[in-house]
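A.B. asks: Please read through the structure below; I'll follow up with questions.
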Amino acid sequence: LLNINVGGKLFQIAYKVLAQYPITRLGKLALYTDPVKKLQLCDDYLVQKNEYFFDRDPSIFHYIFHFYRSGVLWVMDEMCPSNFVEEIEYWGIHLKYSQRCCRILFEEKRDELSEYLKIEKELEAELEPLESGAQFDGRFLGRFRKMVWNLIENPYSSVPAKIIAVMSSFFVLISIVGMTLSTVEEMKNKTGKMWMEQMEMICAIFFTSEYIMRLISSSSFKNFLRAAFNAIDLVAILPFYIQILFENLDDGDMQYHEELHKVENVSKLGKVLKLIKLMRIFRILKLARHSTGLRAFSFTMRQCYQQVCCLLLFIAMGVFTFSALIHSVEHDVPGTDFTSIPCAWWWAAVSLSTVGYGDTVPDTILGRMVAFVCISFGIILNGMPISILYNKFSDYYAKLKAHEMSQ
């Protein structure tokens, strides 16, 4: 018998049993005749008791010991998958020796643990800033840039930094309200237009100053441009300056075209200007920088993109299927709106989403039966991913909030 001491517990295994598995650590220990090679396989050797000592977990070695006796590796659910894999790799035993049912459950548990650790790492990275205060040590104007970085990127560093973060959210809301009021007919007079322009100028100046401060406090210009939040900040300030540029071009072109009696290009320029003004709506994305809820929502969409894509695929399949069915039973009805399958796409999409505008409805009994099946399918389809997305969102939000409070 081979005497093995694992973590203070003694085990005895026959040499002939160990020799059946020559690739394993204990199999090599039983087959080697060179004492030096044997000592390389264990942590210590007790000459008086003829024991080979291993400084490993004795609770897991019980399953290794059972494997040599029965030829089957048992896997228990309460074990940590990472620790168990590390132990069996040390002893040179492959997971293939376990039963298929145990192996499937174990691999699923290990994949879940890996996915959990991956998500935890990504959640921590979600709150970590791109820069750190230590990166400014020894750089040009390092102390000044670190102070600016704390003001603009670390709202918990001081009271002025917190005030800047609140002001950033406040100006975003003011900008969105101003853009909304500018479309109201009563605000299109001269006085209202002047107030809206002044409000837009103040917001643009603040956003520009904020962007410049972030650019100054960045240690890497390339990483600064790659950051998503910085791209959002750039999109937030560009419409204001592009609008000024286009308005100046508009004035110059107007004088030129009035002389030549050609105003087509001016009208096209006006449409482009309206599109540029509409880009200001993207400023609301700046709130995600200071909103844990928006970050959790964005993180949920990134983690659940496969489920969302499947949902969109099922919706597209339902739209094509039910639009074809409703057209086949309604196209002969006089005055019907279902003159073709593409014309029925809108009805199918509205019915699947359970909104039901009622602008297009079937007239025949068979068409109403198709509509009932379509609506029922939409309820089932929309109900499936809601619980998954909500549970993950609430989980990610709680973890982001916990990480934020710990920082």
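Just so we're on the same page: first chain in the structure tokens is A, next is B, and so on; residues restart at 1 for each chain, and ligands are numbered from 1 in the order they show up.
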Please identify all polymer residues within 10 Å of stretch 329-338 of chain A, counting only C-alpha atoms, omitting same-chain residues fewer than 6 positions from it, and present them as a PyMOL selection string.
C.D. replies: chain A and resi 323+344-345+347+359-368+370
A.B. asks: Mind listing the alpha helix (DSSP H) residues of stretch 78-240 of chain A, per DSSP on the backbone, as an MDAnalysis selection string?
C.D. replies: chainID A and resid 81:90 100:127 142:153 159:181 190:216 221:226 228:240
A.B. asks: Find the residue from A:Tyr397, A:His290, A:Val85, A:Lys96 that sits nearest to A:Lys162; use only C-alpha atoms when measuring.
C.D. replies: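 Closest residue, counting only C-alpha atoms: A:His290.
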A.B. asks: Smallest atom-to-atom distance to A:Arg145: which of A:Ile205, A:Ile216, A:Cys80, A:Tyr32, using only C-alpha atoms?
C.D. replies: A:Ile216
A.B. asks: Using only C-alpha atoms, determine which residues lie at most 10 Å from A:Tyr97, disregarding the query and same-chain residues fewer than 6 positions distant; provide the list as a list in words.
C.D. replies: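 Surrounding residues, per the criterion: Phe67, Gly71, Val72, Leu73, Trp74 and Arg103 of chain A.
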A.B. asks: If you keep C-alpha atoms, can you produce a file of those selected residues as a PDB file, in the first residue's frame?
C.D. replies:
```pdb
ATOM      1  CA  PHE A  67     -11.957   7.726  -8.080  1.00  0.00           C
ATOM      2  CA  GLY A  71     -12.858   4.426 -11.455  1.00  0.00           C
ATOM      3  CA  VAL A  72     -15.586   7.110 -11.350  1.00  0.00           C
ATOM      4  CA  LEU A  73     -15.031  10.744 -10.409  1.00  0.00           C
ATOM      5  CA  TRP A  74     -17.965  12.122  -8.440  1.00  0.00           C
ATOM      6  CA  ARG A 103     -20.197  16.552 -15.903  1.00  0.00           C
TER       7      ARG A 103
END
```
A.B. asks: Would you mind listing what lies within 9 Å of A:Ile379 as a VMD selection string, with only C-alpha atoms counted and same-chain residues fewer than 5 positions away left out?
C.D. replies: chain A and resid 352 to 354 374 384
A.B. asks: Would you pick out the contacts of A:Lys392 at 9 Å or less, using only C-alpha atoms, so that residues sharing its chain but fewer than 3 positions from it are not included, and give the list as a PyMOL selection string?
C.D. replies: chain A and resi 300+303-304+387-389+395-397
A.B. asks: Measure the distance from atom CA of A:Leu313 to atom CA of A:Cys343 in Å and round it to one decimal.
C.D. replies: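 A separation of 19.9 Å between them.
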A.B. asks: For A:Met196, please output as a PyMOL selection string all residues within 9 Å (counting only C-alpha atoms; exclusion window: fewer than 4 positions along the same chain).
C.D. replies: chain A and resi 178-179+181-182+187+191-192+200-201
